[in-house]
$ cat work-v8.cif   # mmCIF, N, CA and C atoms
data_start
loop_
_atom_site.label_atom_id
_atom_site.label_comp_id
_atom_site.auth_asym_id
_atom_site.auth_seq_id
_atom_site.Cartn_x
_atom_site.Cartn_y
_atom_site.Cartn_z
N MET Z 1 121.22 102.33 92.66
CA MET Z 1 119.95 101.87 93.22
C MET Z 1 119.36 100.77 92.33
N ASN Z 2 118.60 99.92 92.93
CA ASN Z 2 117.95 98.81 92.25
C ASN Z 2 116.89 99.33 91.27
N LYS Z 3 117.02 98.95 89.99
CA LYS Z 3 116.06 99.41 88.98
C LYS Z 3 114.64 98.96 89.30
N SER Z 4 114.49 97.79 89.93
CA SER Z 4 113.17 97.32 90.31
C SER Z 4 112.51 98.28 91.29
N LEU Z 5 113.32 98.89 92.16
CA LEU Z 5 112.80 99.87 93.12
C LEU Z 5 112.55 101.22 92.47
N GLU Z 6 113.45 101.63 91.59
CA GLU Z 6 113.37 102.96 90.96
C GLU Z 6 112.05 103.18 90.23
N GLN Z 7 111.47 102.12 89.66
CA GLN Z 7 110.23 102.29 88.90
C GLN Z 7 109.07 102.77 89.77
N PHE Z 8 109.19 102.65 91.09
CA PHE Z 8 108.12 103.09 91.99
C PHE Z 8 108.27 104.55 92.41
N ASP Z 9 109.42 105.15 92.11
CA ASP Z 9 109.65 106.55 92.49
C ASP Z 9 108.62 107.45 91.82
N GLY Z 10 107.99 108.32 92.60
CA GLY Z 10 107.03 109.27 92.06
C GLY Z 10 105.67 108.68 91.72
N GLN Z 11 105.45 107.41 92.02
CA GLN Z 11 104.17 106.77 91.71
C GLN Z 11 103.21 106.84 92.90
N ASP Z 12 101.92 106.90 92.62
CA ASP Z 12 100.91 106.97 93.67
C ASP Z 12 100.29 105.61 94.01
N TYR Z 13 100.33 104.68 93.06
CA TYR Z 13 99.69 103.38 93.27
C TYR Z 13 100.66 102.25 92.92
N LEU Z 14 100.47 101.16 93.64
CA LEU Z 14 101.15 99.94 93.22
C LEU Z 14 100.09 98.87 93.06
N ASN Z 15 100.30 98.02 92.08
CA ASN Z 15 99.40 96.91 91.83
C ASN Z 15 99.91 95.75 92.66
N LEU Z 16 99.08 95.27 93.56
CA LEU Z 16 99.42 94.18 94.46
C LEU Z 16 98.77 92.92 93.92
N GLN Z 17 99.58 91.98 93.48
CA GLN Z 17 99.05 90.74 92.90
C GLN Z 17 99.18 89.62 93.93
N THR Z 18 98.03 89.14 94.39
CA THR Z 18 97.96 88.01 95.29
C THR Z 18 97.39 86.82 94.53
N VAL Z 19 97.42 85.63 95.16
CA VAL Z 19 96.98 84.43 94.47
C VAL Z 19 95.89 83.73 95.30
N ARG Z 20 94.78 83.41 94.62
CA ARG Z 20 93.70 82.65 95.26
C ARG Z 20 94.12 81.19 95.44
N HIS Z 21 93.35 80.47 96.26
CA HIS Z 21 93.61 79.03 96.47
C HIS Z 21 93.64 78.26 95.16
N ASN Z 22 92.81 78.68 94.17
CA ASN Z 22 92.73 77.97 92.90
C ASN Z 22 93.84 78.36 91.92
N GLY Z 23 94.77 79.21 92.39
CA GLY Z 23 95.89 79.62 91.55
C GLY Z 23 95.64 80.88 90.72
N GLN Z 24 94.43 81.42 90.76
CA GLN Z 24 94.11 82.61 89.98
C GLN Z 24 94.73 83.85 90.63
N ASP Z 25 95.38 84.67 89.79
CA ASP Z 25 95.96 85.93 90.26
C ASP Z 25 94.87 86.97 90.45
N VAL Z 26 95.04 87.80 91.48
CA VAL Z 26 94.11 88.91 91.75
C VAL Z 26 94.96 90.17 91.89
N ASN Z 27 94.71 91.14 91.03
CA ASN Z 27 95.45 92.41 91.06
C ASN Z 27 94.61 93.48 91.74
N THR Z 28 95.24 94.21 92.67
CA THR Z 28 94.54 95.26 93.41
C THR Z 28 95.42 96.50 93.46
N PRO Z 29 94.98 97.62 92.87
CA PRO Z 29 95.74 98.86 93.00
C PRO Z 29 95.55 99.43 94.41
N VAL Z 30 96.65 99.81 95.05
CA VAL Z 30 96.61 100.33 96.42
C VAL Z 30 97.57 101.50 96.56
N TRP Z 31 97.25 102.39 97.52
CA TRP Z 31 98.20 103.42 97.92
C TRP Z 31 99.36 102.73 98.63
N PHE Z 32 100.53 103.32 98.53
CA PHE Z 32 101.69 102.72 99.20
C PHE Z 32 102.68 103.81 99.58
N VAL Z 33 103.55 103.44 100.49
CA VAL Z 33 104.67 104.28 100.86
C VAL Z 33 105.91 103.40 100.83
N ARG Z 34 106.96 103.92 100.24
CA ARG Z 34 108.23 103.19 100.22
C ARG Z 34 109.19 103.84 101.20
N GLN Z 35 109.78 103.03 102.04
CA GLN Z 35 110.81 103.48 102.97
C GLN Z 35 112.02 102.57 102.74
N GLY Z 36 113.02 103.09 102.05
CA GLY Z 36 114.20 102.27 101.72
C GLY Z 36 113.81 101.16 100.77
N ASP Z 37 114.11 99.93 101.16
CA ASP Z 37 113.79 98.76 100.33
C ASP Z 37 112.42 98.16 100.65
N LEU Z 38 111.69 98.74 101.57
CA LEU Z 38 110.40 98.19 101.98
C LEU Z 38 109.24 99.05 101.51
N PHE Z 39 108.14 98.40 101.21
CA PHE Z 39 106.90 99.06 100.83
C PHE Z 39 105.88 98.81 101.94
N TYR Z 40 105.08 99.82 102.21
CA TYR Z 40 104.05 99.72 103.25
C TYR Z 40 102.70 100.04 102.62
N VAL Z 41 101.71 99.21 102.95
CA VAL Z 41 100.34 99.38 102.46
C VAL Z 41 99.40 99.25 103.65
N ARG Z 42 98.49 100.21 103.81
CA ARG Z 42 97.45 100.09 104.84
C ARG Z 42 96.18 99.65 104.15
N THR Z 43 95.52 98.66 104.73
CA THR Z 43 94.31 98.11 104.12
C THR Z 43 93.40 97.58 105.22
N ILE Z 44 92.20 97.19 104.85
CA ILE Z 44 91.24 96.65 105.81
C ILE Z 44 91.73 95.27 106.26
N ALA Z 45 91.75 95.07 107.57
CA ALA Z 45 92.38 93.89 108.16
C ALA Z 45 91.80 92.56 107.68
N ASN Z 46 90.50 92.48 107.52
CA ASN Z 46 89.91 91.20 107.11
C ASN Z 46 89.57 91.15 105.63
N SER Z 47 90.24 91.98 104.84
CA SER Z 47 89.98 92.01 103.39
C SER Z 47 90.47 90.72 102.74
N ALA Z 48 89.95 90.45 101.57
CA ALA Z 48 90.32 89.23 100.85
C ALA Z 48 91.82 89.20 100.55
N LYS Z 49 92.41 90.36 100.21
CA LYS Z 49 93.85 90.35 99.90
C LYS Z 49 94.69 89.97 101.11
N VAL Z 50 94.27 90.42 102.31
CA VAL Z 50 94.99 90.05 103.53
C VAL Z 50 94.84 88.55 103.78
N LYS Z 51 93.66 88.02 103.58
CA LYS Z 51 93.45 86.57 103.76
C LYS Z 51 94.31 85.78 102.77
N ARG Z 52 94.38 86.26 101.52
CA ARG Z 52 95.21 85.56 100.53
C ARG Z 52 96.68 85.61 100.92
N ILE Z 53 97.13 86.74 101.46
CA ILE Z 53 98.53 86.86 101.89
C ILE Z 53 98.81 85.94 103.06
N HIS Z 54 97.85 85.76 103.96
CA HIS Z 54 98.03 84.82 105.07
C HIS Z 54 98.24 83.40 104.54
N ASN Z 55 97.58 83.08 103.44
CA ASN Z 55 97.70 81.75 102.83
C ASN Z 55 98.95 81.60 101.97
N ASN Z 56 99.41 82.70 101.39
CA ASN Z 56 100.57 82.66 100.51
C ASN Z 56 101.20 84.05 100.48
N MET Z 57 102.30 84.22 101.17
CA MET Z 57 102.91 85.55 101.28
C MET Z 57 103.67 85.97 100.03
N LYS Z 58 103.84 85.05 99.07
CA LYS Z 58 104.51 85.41 97.82
C LYS Z 58 103.54 86.18 96.94
N ILE Z 59 103.97 87.37 96.54
CA ILE Z 59 103.14 88.27 95.74
C ILE Z 59 103.98 88.84 94.61
N LYS Z 60 103.36 89.65 93.79
CA LYS Z 60 104.06 90.46 92.79
C LYS Z 60 103.55 91.88 92.93
N ILE Z 61 104.42 92.84 92.61
CA ILE Z 61 104.01 94.25 92.63
C ILE Z 61 104.55 94.95 91.39
N MET Z 62 103.84 95.99 91.00
CA MET Z 62 104.31 96.89 89.93
C MET Z 62 103.64 98.24 90.13
N PRO Z 63 104.29 99.31 89.69
CA PRO Z 63 103.60 100.60 89.75
C PRO Z 63 102.44 100.59 88.76
N CYS Z 64 101.37 101.30 89.12
CA CYS Z 64 100.20 101.32 88.26
C CYS Z 64 99.43 102.62 88.45
N GLY Z 65 98.46 102.83 87.59
CA GLY Z 65 97.54 103.95 87.73
C GLY Z 65 96.43 103.59 88.70
N SER Z 66 95.53 104.51 88.94
CA SER Z 66 94.48 104.31 89.94
C SER Z 66 93.53 103.16 89.61
N GLN Z 67 93.44 102.80 88.34
CA GLN Z 67 92.57 101.70 87.92
C GLN Z 67 93.36 100.41 87.67
N GLY Z 68 94.65 100.41 88.05
CA GLY Z 68 95.47 99.23 87.89
C GLY Z 68 96.23 99.15 86.58
N GLU Z 69 96.14 100.20 85.75
CA GLU Z 69 96.83 100.17 84.47
C GLU Z 69 98.35 100.12 84.71
N PRO Z 70 99.06 99.20 84.05
CA PRO Z 70 100.49 99.00 84.29
C PRO Z 70 101.33 100.23 83.96
N LEU Z 71 102.26 100.53 84.85
CA LEU Z 71 103.21 101.62 84.64
C LEU Z 71 104.65 101.14 84.87
N GLY Z 72 104.84 99.85 84.83
CA GLY Z 72 106.16 99.29 85.05
C GLY Z 72 106.14 97.79 84.79
N ILE Z 73 107.06 97.10 85.44
CA ILE Z 73 107.16 95.63 85.29
C ILE Z 73 106.89 94.97 86.64
N TRP Z 74 106.36 93.75 86.57
CA TRP Z 74 106.10 92.98 87.79
C TRP Z 74 107.41 92.63 88.47
N VAL Z 75 107.39 92.69 89.80
CA VAL Z 75 108.54 92.34 90.62
C VAL Z 75 108.06 91.34 91.67
N ASN Z 76 108.80 90.24 91.83
CA ASN Z 76 108.47 89.25 92.85
C ASN Z 76 108.77 89.82 94.23
N ALA Z 77 107.85 89.57 95.15
CA ALA Z 77 107.99 90.12 96.50
C ALA Z 77 107.30 89.20 97.49
N LYS Z 78 107.38 89.56 98.76
CA LYS Z 78 106.61 88.86 99.79
C LYS Z 78 106.01 89.92 100.71
N ALA Z 79 104.85 89.59 101.26
CA ALA Z 79 104.14 90.52 102.13
C ALA Z 79 103.84 89.86 103.46
N LEU Z 80 103.98 90.65 104.52
CA LEU Z 80 103.65 90.21 105.87
C LEU Z 80 102.77 91.26 106.51
N GLU Z 81 101.81 90.82 107.30
CA GLU Z 81 100.96 91.74 108.05
C GLU Z 81 101.71 92.17 109.31
N ASN Z 82 101.61 93.45 109.66
CA ASN Z 82 102.29 93.96 110.84
C ASN Z 82 101.33 94.89 111.58
N ASN Z 83 100.99 94.53 112.80
CA ASN Z 83 100.07 95.34 113.60
C ASN Z 83 100.77 96.07 114.73
N ASP Z 84 102.08 96.18 114.65
CA ASP Z 84 102.85 96.91 115.65
C ASP Z 84 102.36 98.37 115.71
N ALA Z 85 102.15 98.88 116.92
CA ALA Z 85 101.61 100.23 117.10
C ALA Z 85 102.51 101.29 116.46
N ASP Z 86 103.82 101.16 116.58
CA ASP Z 86 104.73 102.14 115.99
C ASP Z 86 104.65 102.12 114.46
N THR Z 87 104.61 100.94 113.89
CA THR Z 87 104.49 100.83 112.43
C THR Z 87 103.19 101.47 111.96
N TYR Z 88 102.11 101.19 112.66
CA TYR Z 88 100.81 101.73 112.29
C TYR Z 88 100.80 103.25 112.38
N SER Z 89 101.38 103.79 113.44
CA SER Z 89 101.47 105.24 113.62
C SER Z 89 102.34 105.88 112.54
N ASN Z 90 103.49 105.28 112.27
CA ASN Z 90 104.37 105.78 111.21
C ASN Z 90 103.65 105.76 109.87
N MET Z 91 102.92 104.69 109.61
CA MET Z 91 102.21 104.55 108.34
C MET Z 91 101.20 105.68 108.16
N ALA Z 92 100.48 106.01 109.21
CA ALA Z 92 99.50 107.10 109.13
C ALA Z 92 100.19 108.41 108.75
N SER Z 93 101.34 108.67 109.37
CA SER Z 93 102.09 109.90 109.06
C SER Z 93 102.61 109.88 107.63
N TRP Z 94 103.16 108.76 107.22
CA TRP Z 94 103.71 108.65 105.86
C TRP Z 94 102.63 108.85 104.81
N LEU Z 95 101.46 108.23 105.03
CA LEU Z 95 100.36 108.37 104.07
C LEU Z 95 99.90 109.82 103.97
N THR Z 96 99.78 110.49 105.11
CA THR Z 96 99.36 111.90 105.11
C THR Z 96 100.38 112.76 104.39
N GLU Z 97 101.65 112.48 104.62
CA GLU Z 97 102.71 113.23 103.95
C GLU Z 97 102.65 113.06 102.44
N LYS Z 98 102.36 111.84 102.00
CA LYS Z 98 102.35 111.55 100.56
C LYS Z 98 101.04 111.94 99.88
N TYR Z 99 99.90 111.68 100.54
CA TYR Z 99 98.59 111.82 99.89
C TYR Z 99 97.71 112.91 100.47
N GLY Z 100 98.17 113.63 101.48
CA GLY Z 100 97.34 114.67 102.09
C GLY Z 100 96.28 114.08 103.01
N GLU Z 101 95.10 114.68 103.00
CA GLU Z 101 94.03 114.29 103.93
C GLU Z 101 93.23 113.07 103.50
N GLN Z 102 93.34 112.66 102.25
CA GLN Z 102 92.55 111.52 101.75
C GLN Z 102 92.68 110.26 102.61
N PRO Z 103 93.88 109.85 103.00
CA PRO Z 103 93.98 108.65 103.83
C PRO Z 103 93.28 108.78 105.19
N ARG Z 104 93.31 109.97 105.78
CA ARG Z 104 92.62 110.17 107.07
C ARG Z 104 91.12 110.05 106.89
N ILE Z 105 90.59 110.59 105.81
CA ILE Z 105 89.16 110.48 105.53
C ILE Z 105 88.77 109.02 105.32
N PHE Z 106 89.58 108.30 104.54
CA PHE Z 106 89.32 106.88 104.29
C PHE Z 106 89.35 106.10 105.61
N GLU Z 107 90.34 106.37 106.45
CA GLU Z 107 90.47 105.66 107.73
C GLU Z 107 89.27 105.95 108.64
N ALA Z 108 88.78 107.18 108.64
CA ALA Z 108 87.60 107.54 109.43
C ALA Z 108 86.38 106.75 108.96
N GLN Z 109 86.25 106.57 107.64
CA GLN Z 109 85.14 105.79 107.08
C GLN Z 109 85.25 104.32 107.49
N VAL Z 110 86.47 103.79 107.47
CA VAL Z 110 86.70 102.39 107.88
C VAL Z 110 86.28 102.22 109.33
N THR Z 111 86.71 103.14 110.18
CA THR Z 111 86.38 103.08 111.61
C THR Z 111 84.88 103.21 111.83
N ALA Z 112 84.24 104.12 111.10
CA ALA Z 112 82.79 104.32 111.24
C ALA Z 112 82.01 103.06 110.86
N ARG Z 113 82.55 102.26 109.97
CA ARG Z 113 81.90 100.99 109.58
C ARG Z 113 82.20 99.87 110.57
N GLY Z 114 83.01 100.17 111.59
CA GLY Z 114 83.35 99.16 112.59
C GLY Z 114 84.45 98.21 112.14
N GLU Z 115 85.16 98.60 111.10
CA GLU Z 115 86.25 97.77 110.59
C GLU Z 115 87.58 98.27 111.14
N LYS Z 116 88.60 97.44 111.01
CA LYS Z 116 89.94 97.81 111.44
C LYS Z 116 90.88 97.73 110.26
N SER Z 117 91.92 98.55 110.32
CA SER Z 117 92.95 98.53 109.28
C SER Z 117 94.17 97.77 109.79
N THR Z 118 94.98 97.37 108.86
CA THR Z 118 96.24 96.72 109.16
C THR Z 118 97.28 97.24 108.19
N VAL Z 119 98.53 96.97 108.47
CA VAL Z 119 99.62 97.38 107.60
C VAL Z 119 100.28 96.13 107.03
N LEU Z 120 100.50 96.16 105.72
CA LEU Z 120 101.26 95.11 105.04
C LEU Z 120 102.65 95.67 104.78
N ILE Z 121 103.66 94.89 105.10
CA ILE Z 121 105.04 95.26 104.79
C ILE Z 121 105.51 94.34 103.68
N ILE Z 122 105.96 94.96 102.59
CA ILE Z 122 106.32 94.22 101.38
C ILE Z 122 107.83 94.38 101.14
N SER Z 123 108.48 93.26 100.90
CA SER Z 123 109.90 93.29 100.56
C SER Z 123 110.10 92.54 99.25
N LEU Z 124 111.03 93.04 98.43
CA LEU Z 124 111.32 92.37 97.16
C LEU Z 124 112.08 91.09 97.43
N GLU Z 125 111.81 90.07 96.60
CA GLU Z 125 112.58 88.84 96.69
C GLU Z 125 113.97 89.08 96.14
N ARG Z 126 114.91 88.51 96.74
CA ARG Z 126 116.31 88.68 96.30
C ARG Z 126 116.78 87.49 95.52
#
$ encode --input "work-v8.cif" --output "structure tokens"
Amino acid sequence: MNKSLEQFDGQDYLNLQTVRHNGQDVNTPVWFVRQGDLFYVRTIANSAKVKRIHNNMKIKIMPCGSQGEPLGIWVNAKALENNDADTYSNMASWLTEKYGEQPRIFEAQVTARGEKSTVLIISLER
């Protein structure tokens, strides 16, 4: 197995590094699910990180703690937004399996605020 992938095994958070228009890196710890070689992240659809990914899909990821503290090495990757109903449904199940009820509570809060979620699919650069 790829050592870059192995470092994410058993981890609860990944640090998602996106880039602002001015070139400044922005690190955001997020919940994630890995399925094979792909990583899935559910986030608020109009969040700044999603907007940055629309402008530049090249990102970096590393396993981290809940506050973003590094637990591995940065890996070059790319992220794409995916609003496919099946992907979204699968993501909800995967998050519940990994994190219990917390993701459902978070999603209910997002919906109550009138916001929508989206799924980011992340693949490592080869």
$ atom_distance --input "work-v8.cif" --atom1 "atom CA of Glu125 of chain Z" --atom2 "atom CA of Lys78 of chain Z"
6.7 Å
$ resolve_selection --input "work-v8.cif" --expression "the PyMOL selection byres ((chain Z and resi 73) around 6)" --output "CSV table (one decimal) with N, CA and C atoms, in the coordinates of the input"
chain,number,residue,atom,x,y,z
Z,61,ILE,N,104.4,92.8,92.6
Z,61,ILE,CA,104.0,94.2,92.6
Z,61,ILE,C,104.6,95.0,91.4
Z,62,MET,N,103.8,96.0,91.0
Z,62,MET,CA,104.3,96.9,89.9
Z,62,MET,C,103.6,98.2,90.1
Z,63,PRO,N,104.3,99.3,89.7
Z,63,PRO,CA,103.6,100.6,89.8
Z,63,PRO,C,102.4,100.6,88.8
Z,71,LEU,N,102.3,100.5,84.8
Z,71,LEU,CA,103.2,101.6,84.6
Z,71,LEU,C,104.6,101.1,84.9
Z,72,GLY,N,104.8,99.8,84.8
Z,72,GLY,CA,106.2,99.3,85.0
Z,72,GLY,C,106.1,97.8,84.8
Z,74,TRP,N,106.4,93.8,86.6
Z,74,TRP,CA,106.1,93.0,87.8
Z,74,TRP,C,107.4,92.6,88.5
Z,75,VAL,N,107.4,92.7,89.8
Z,75,VAL,CA,108.5,92.3,90.6
Z,75,VAL,C,108.1,91.3,91.7
$ resolve_selection --input "work-v8.cif" --expression "the PyMOL selection byres ((chain Z and resi 17) around 6.5)" --output "PyMOL selection string"
chain Z and resi 15-16+18-19+25-28+58-62
$ closest_atom_pairs --input "work-v8.cif" --of "segment 42-118 of chain Z" --to "segment 30-35 of chain Z" --cutoff "7 Å" --atoms "all atoms listed in the file" --output "Markdown table"
| residue | atom | partner | partner_atom | distance |
| --- | --- | --- | --- | --- |
| Z:Arg42 | N | Z:Trp31 | C | 5.8 |
| Z:Trp94 | C | Z:Val33 | CA | 6.4 |
| Z:Leu95 | N | Z:Val33 | CA | 6.6 |
$ closest_residue --input "work-v8.cif" --among "Z:Leu5, Z:Met91, Z:Val41, Z:Ile105" --to "Leu120 of chain Z" --atoms "all atoms listed in the file"
Z:Val41
$ select_by_dssp --input "work-v8.cif" --residues "segment 17-87 of chain Z" --states "alpha helix (DSSP H)" --output "ChimeraX atom specification"
/Z:48-55,85-87
$ select_by_dssp --input "work-v8.cif" --residues "segment 42-93 of chain Z" --states "strand (DSSP E)" --output "PyMOL selection string"
chain Z and resi 42-44+58-64+75-82
$ resolve_selection --input "work-v8.cif" --expression "the PyMOL selection byres (((chain Z and resi 119 and name CA) around 8) and name CA)" --output "PDB file with N, CA and C atoms, in the frame of the given file"
ATOM      1  N   TYR Z  40     105.080  99.820 102.210  1.00  0.00           N
ATOM      2  CA  TYR Z  40     104.050  99.720 103.250  1.00  0.00           C
ATOM      3  C   TYR Z  40     102.700 100.040 102.620  1.00  0.00           C
ATOM      4  N   VAL Z  41     101.710  99.210 102.950  1.00  0.00           N
ATOM      5  CA  VAL Z  41     100.340  99.380 102.460  1.00  0.00           C
ATOM      6  C   VAL Z  41      99.400  99.250 103.650  1.00  0.00           C
ATOM      7  N   ARG Z  42      98.490 100.210 103.810  1.00  0.00           N
ATOM      8  CA  ARG Z  42      97.450 100.090 104.840  1.00  0.00           C
ATOM      9  C   ARG Z  42      96.180  99.650 104.150  1.00  0.00           C
ATOM     10  N   THR Z  43      95.520  98.660 104.730  1.00  0.00           N
ATOM     11  CA  THR Z  43      94.310  98.110 104.120  1.00  0.00           C
ATOM     12  C   THR Z  43      93.400  97.580 105.220  1.00  0.00           C
ATOM     13  N   GLU Z  81     101.810  90.820 107.300  1.00  0.00           N
ATOM     14  CA  GLU Z  81     100.960  91.740 108.050  1.00  0.00           C
ATOM     15  C   GLU Z  81     101.710  92.170 109.310  1.00  0.00           C
ATOM     16  N   ASN Z  82     101.610  93.450 109.660  1.00  0.00           N
ATOM     17  CA  ASN Z  82     102.290  93.960 110.840  1.00  0.00           C
ATOM     18  C   ASN Z  82     101.330  94.890 111.580  1.00  0.00           C
ATOM     19  N   ASN Z  83     100.990  94.530 112.800  1.00  0.00           N
ATOM     20  CA  ASN Z  83     100.070  95.340 113.600  1.00  0.00           C
ATOM     21  C   ASN Z  83     100.770  96.070 114.730  1.00  0.00           C
ATOM     22  N   THR Z  87     104.610 100.940 113.890  1.00  0.00           N
ATOM     23  CA  THR Z  87     104.490 100.830 112.430  1.00  0.00           C
ATOM     24  C   THR Z  87     103.190 101.470 111.960  1.00  0.00           C
ATOM     25  N   TYR Z  88     102.110 101.190 112.660  1.00  0.00           N
ATOM     26  CA  TYR Z  88     100.810 101.730 112.290  1.00  0.00           C
ATOM     27  C   TYR Z  88     100.800 103.250 112.380  1.00  0.00           C
ATOM     28  N   MET Z  91     102.920 104.690 109.610  1.00  0.00           N
ATOM     29  CA  MET Z  91     102.210 104.550 108.340  1.00  0.00           C
ATOM     30  C   MET Z  91     101.200 105.680 108.160  1.00  0.00           C
ATOM     31  N   SER Z 117      91.920  98.550 110.320  1.00  0.00           N
ATOM     32  CA  SER Z 117      92.950  98.530 109.280  1.00  0.00           C
ATOM     33  C   SER Z 117      94.170  97.770 109.790  1.00  0.00           C
ATOM     34  N   THR Z 118      94.980  97.370 108.860  1.00  0.00           N
ATOM     35  CA  THR Z 118      96.240  96.720 109.160  1.00  0.00           C
ATOM     36  C   THR Z 118      97.280  97.240 108.190  1.00  0.00           C
ATOM     37  N   LEU Z 120     100.500  96.160 105.720  1.00  0.00           N
ATOM     38  CA  LEU Z 120     101.260  95.110 105.040  1.00  0.00           C
ATOM     39  C   LEU Z 120     102.650  95.670 104.780  1.00  0.00           C
ATOM     40  N   ILE Z 121     103.660  94.890 105.100  1.00  0.00           N
ATOM     41  CA  ILE Z 121     105.040  95.260 104.790  1.00  0.00           C
ATOM     42  C   ILE Z 121     105.510  94.340 103.680  1.00  0.00           C
TER      43      ILE Z 121
END
$ atom_distance --input "work-v8.cif" --atom1 "atom N of Glu115 of chain Z" --atom2 "atom CA of Asp12 of chain Z"
24.9 Å
$ atom_distance --input "work-v8.cif" --atom1 "atom CA of Ala48 of chain Z" --atom2 "atom CA of Gln109 of chain Z"
18.4 Å
$ closest_residue --input "work-v8.cif" --among "Z:Gln24, Z:Glu6, Z:Pro29, Z:Ser123" --to "Gln67 of chain Z" --atoms "only N, CA and C atoms"
Z:Pro29
$ axis_aligned_box --input "work-v8.cif" --around "segment 1-19 of chain Z" --padding-each-side "5 Å" --output "lines of an AutoDock Vina configuration file"
center_x = 108.6
center_y = 96.5
center_z = 92.1
size_x = 35.3
size_y = 35.5
size_z = 16.4
$ decode --input "work-v8.cif" --residues "segment 97-109 of chain Z" --atoms "N, CA, C and O atoms" --output "mmCIF file, in the first residue's frame"
data_model
loop_
_atom_site.group_PDB
_atom_site.id
_atom_site.type_symbol
_atom_site.label_atom_id
_atom_site.label_comp_id
_atom_site.auth_asym_id
_atom_site.auth_seq_id
_atom_site.Cartn_x
_atom_site.Cartn_y
_atom_site.Cartn_z
ATOM 1 N N GLU Z 97 -20.925 5.952 10.200
ATOM 2 C CA GLU Z 97 -20.184 4.738 10.561
ATOM 3 C C GLU Z 97 -18.884 5.079 11.274
ATOM 4 O O GLU Z 97 -18.509 4.427 12.250
ATOM 5 N N LYS Z 98 -18.208 6.117 10.813
ATOM 6 C CA LYS Z 98 -16.905 6.476 11.380
ATOM 7 C C LYS Z 98 -17.021 7.318 12.652
ATOM 8 O O LYS Z 98 -16.269 7.113 13.608
ATOM 9 N N TYR Z 99 -17.959 8.273 12.679
ATOM 10 C CA TYR Z 99 -18.008 9.267 13.758
ATOM 11 C C TYR Z 99 -19.247 9.181 14.641
ATOM 12 O O TYR Z 99 -19.398 9.987 15.557
ATOM 13 N N GLY Z 100 -20.157 8.258 14.368
ATOM 14 C CA GLY Z 100 -21.376 8.162 15.167
ATOM 15 C C GLY Z 100 -22.386 9.237 14.794
ATOM 16 O O GLY Z 100 -22.516 9.613 13.629
ATOM 17 N N GLU Z 101 -23.087 9.759 15.789
ATOM 18 C CA GLU Z 101 -24.177 10.715 15.547
ATOM 19 C C GLU Z 101 -23.714 12.149 15.323
ATOM 20 O O GLU Z 101 -24.488 12.985 14.857
ATOM 21 N N GLN Z 102 -22.476 12.475 15.650
ATOM 22 C CA GLN Z 102 -21.997 13.859 15.518
ATOM 23 C C GLN Z 102 -22.224 14.455 14.126
ATOM 24 O O GLN Z 102 -22.689 15.585 14.026
ATOM 25 N N PRO Z 103 -21.900 13.746 13.047
ATOM 26 C CA PRO Z 103 -22.136 14.339 11.725
ATOM 27 C C PRO Z 103 -23.613 14.628 11.436
ATOM 28 O O PRO Z 103 -23.934 15.622 10.781
ATOM 29 N N ARG Z 104 -24.513 13.780 11.928
ATOM 30 C CA ARG Z 104 -25.947 14.028 11.720
ATOM 31 C C ARG Z 104 -26.388 15.277 12.459
ATOM 32 O O ARG Z 104 -27.181 16.074 11.957
ATOM 33 N N ILE Z 105 -25.891 15.467 13.665
ATOM 34 C CA ILE Z 105 -26.217 16.664 14.447
ATOM 35 C C ILE Z 105 -25.696 17.908 13.734
ATOM 36 O O ILE Z 105 -26.404 18.906 13.586
ATOM 37 N N PHE Z 106 -24.455 17.842 13.263
ATOM 38 C CA PHE Z 106 -23.853 18.964 12.540
ATOM 39 C C PHE Z 106 -24.670 19.280 11.288
ATOM 40 O O PHE Z 106 -24.964 20.446 11.006
ATOM 41 N N GLU Z 107 -25.057 18.254 10.538
ATOM 42 C CA GLU Z 107 -25.823 18.459 9.303
ATOM 43 C C GLU Z 107 -27.189 19.078 9.605
ATOM 44 O O GLU Z 107 -27.659 19.946 8.869
ATOM 45 N N ALA Z 108 -27.826 18.675 10.696
ATOM 46 C CA ALA Z 108 -29.108 19.258 11.092
ATOM 47 C C ALA Z 108 -28.949 20.749 11.403
ATOM 48 O O ALA Z 108 -29.810 21.567 11.056
ATOM 49 N N GLN Z 109 -27.831 21.116 12.041
ATOM 50 C CA GLN Z 109 -27.559 22.523 12.343
ATOM 51 C C GLN Z 109 -27.339 23.326 11.060
ATOM 52 O O GLN Z 109 -27.815 24.446 10.937
#
